[in-house]
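Shown next: final.pdb, given as PDB, C-alpha atoms, pLDDT in the B column.
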```
ATOM      1  CA  MET A   1      82.413 104.074 122.287  1.00 91.00           C
ATOM      2  CA  PHE A   2      82.305 107.858 121.954  1.00 92.00           C
ATOM      3  CA  VAL A   3      79.561 107.694 119.316  1.00 90.00           C
ATOM      4  CA  ARG A   4      77.509 105.308 121.415  1.00 92.00           C
ATOM      5  CA  PHE A   5      77.879 107.581 124.453  1.00 94.00           C
ATOM      6  CA  TRP A   6      76.942 110.625 122.361  1.00 89.00           C
ATOM      7  CA  LEU A   7      73.828 108.983 120.919  1.00 87.00           C
ATOM      8  CA  VAL A   8      72.632 107.696 124.279  1.00 91.00           C
ATOM      9  CA  ASN A   9      73.143 110.986 126.115  1.00 93.00           C
ATOM     10  CA  ASN A  10      71.822 113.484 123.564  1.00 91.00           C
ATOM     11  CA  PRO A  11      68.163 113.801 122.639  1.00 91.00           C
ATOM     12  CA  PRO A  12      67.213 113.389 118.975  1.00 89.00           C
ATOM     13  CA  LEU A  13      66.657 116.501 116.887  1.00 90.00           C
ATOM     14  CA  PRO A  14      63.106 117.681 116.320  1.00 93.00           C
ATOM     15  CA  ASP A  15      61.676 116.802 112.900  1.00 93.00           C
ATOM     16  CA  THR A  16      61.784 120.458 111.842  1.00 95.00           C
ATOM     17  CA  ALA A  17      65.538 120.741 112.465  1.00 95.00           C
ATOM     18  CA  ARG A  18      66.533 117.415 110.916  1.00 94.00           C
ATOM     19  CA  PRO A  19      66.786 118.503 107.218  1.00 95.00           C
ATOM     20  CA  ALA A  20      69.067 121.445 108.088  1.00 96.00           C
ATOM     21  CA  ALA A  21      71.262 119.238 110.265  1.00 95.00           C
ATOM     22  CA  GLN A  22      71.495 116.615 107.512  1.00 95.00           C
ATOM     23  CA  ALA A  23      72.475 119.266 104.956  1.00 97.00           C
ATOM     24  CA  MET A  24      75.161 120.616 107.280  1.00 97.00           C
ATOM     25  CA  GLY A  25      76.441 117.103 107.955  1.00 95.00           C
ATOM     26  CA  LYS A  26      76.604 116.351 104.231  1.00 97.00           C
ATOM     27  CA  GLU A  27      78.551 119.571 103.578  1.00 97.00           C
ATOM     28  CA  ARG A  28      81.002 118.826 106.392  1.00 97.00           C
ATOM     29  CA  TRP A  29      81.486 115.259 105.117  1.00 96.00           C
ATOM     30  CA  GLU A  30      82.214 116.501 101.589  1.00 97.00           C
ATOM     31  CA  ARG A  31      84.759 119.034 102.896  1.00 96.00           C
ATOM     32  CA  PHE A  32      86.415 116.287 104.965  1.00 94.00           C
ATOM     33  CA  ILE A  33      86.680 113.992 101.937  1.00 95.00           C
ATOM     34  CA  GLU A  34      88.123 116.822  99.808  1.00 94.00           C
ATOM     35  CA  ALA A  35      90.720 117.614 102.486  1.00 91.00           C
ATOM     36  CA  LEU A  36      91.572 113.932 102.834  1.00 89.00           C
ATOM     37  CA  ASN A  37      92.015 113.610  99.065  1.00 90.00           C
ATOM     38  CA  ARG A  38      94.329 116.637  98.989  1.00 88.00           C
ATOM     39  CA  ARG A  39      96.310 115.247 101.886  1.00 85.00           C
ATOM     40  CA  MET A  40      96.677 111.853 100.234  1.00 84.00           C
ATOM     41  CA  GLU A  41      97.672 113.389  96.916  1.00 85.00           C
ATOM     42  CA  PHE A  42     100.070 116.134  98.033  1.00 82.00           C
ATOM     43  CA  GLY A  43     100.871 115.531 101.690  1.00 74.00           C
ATOM     44  CA  PRO A  44     103.701 113.549 103.224  1.00 73.00           C
ATOM     45  CA  ARG A  45     103.481 109.796 103.043  1.00 73.00           C
ATOM     46  CA  LEU A  46     102.476 107.817 106.115  1.00 69.00           C
ATOM     47  CA  LYS A  47     105.755 105.888 106.188  1.00 71.00           C
ATOM     48  CA  ASN A  48     107.643 109.191 106.423  1.00 73.00           C
ATOM     49  CA  GLU A  49     105.468 110.490 109.239  1.00 71.00           C
ATOM     50  CA  VAL A  50     105.728 107.244 111.208  1.00 70.00           C
ATOM     51  CA  SER A  51     109.491 107.165 110.893  1.00 68.00           C
ATOM     52  CA  GLU A  52     109.639 110.790 112.099  1.00 62.00           C
ATOM     53  CA  ASP A  53     107.459 109.969 115.115  1.00 61.00           C
ATOM     54  CA  ILE A  54     109.410 106.874 116.082  1.00 67.00           C
ATOM     55  CA  GLY A  55     112.886 108.093 115.148  1.00 62.00           C
ATOM     56  CA  PRO A  56     115.855 106.030 114.068  1.00 62.00           C
ATOM     57  CA  GLU A  57     116.458 102.599 115.541  1.00 62.00           C
ATOM     58  CA  PRO A  58     119.240 102.659 118.148  1.00 62.00           C
ATOM     59  CA  PHE A  59     120.576  99.355 116.808  1.00 62.00           C
ATOM     60  CA  GLY A  60     120.930  98.053 113.274  1.00 60.00           C
ATOM     61  CA  PRO A  61     118.495  95.532 111.848  1.00 60.00           C
ATOM     62  CA  GLY A  62     118.812  92.185 113.599  1.00 61.00           C
ATOM     63  CA  GLU A  63     121.015  93.578 116.394  1.00 60.00           C
ATOM     64  CA  GLU A  64     119.845  93.403 119.954  1.00 59.00           C
ATOM     65  CA  ASN A  65     120.715  95.352 123.045  1.00 55.00           C
ATOM     66  CA  GLN A  66     123.565  93.350 124.572  1.00 53.00           C
TER      67      GLN A  66
END
```

Before we go any further, please render this structure as structure tokens.
Amino acid sequence: MFVRFWLVNNPPLPDTARPAAQAMGKERWERFIEALNRRMEFGPRLKNEVSEDIGPEPFGPGEENQ
């Protein structure tokens, strides 16, 4: 929804500025992909981060709050 809002409410770039904006966008995309690759290769695993965010279960597996 954010992208749709952004595209509707911002005028298109002039033709003279479009190549520079595309080059900048391509460079930013490549840096994002490189950072993502580094994160996936060397960073913590998602299952570890999720368990840290949620914390330990107050009850054992299969137990319910009685």

Can you tell me, as lines of an AutoDock Vina configuration file, the centre and edge lengths (Å, one decimal) of the axis-aligned box enclosing all of range 8-16 of chain A's listed atoms after padding each side by 8 Å?
```
center_x = 67.4
center_y = 114.1
center_z = 119.0
size_x = 27.5
size_y = 28.8
size_z = 30.3
```

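In this model, the gap between CA of Leu36 in chain A and CA of Met24 in chain A comes to 18.3 Å.
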
(request) Have a look at CA of Phe2 in chain A and CA of Glu49 in chain A and let me know their distance in Å, one decimal. (result) 26.6 Å
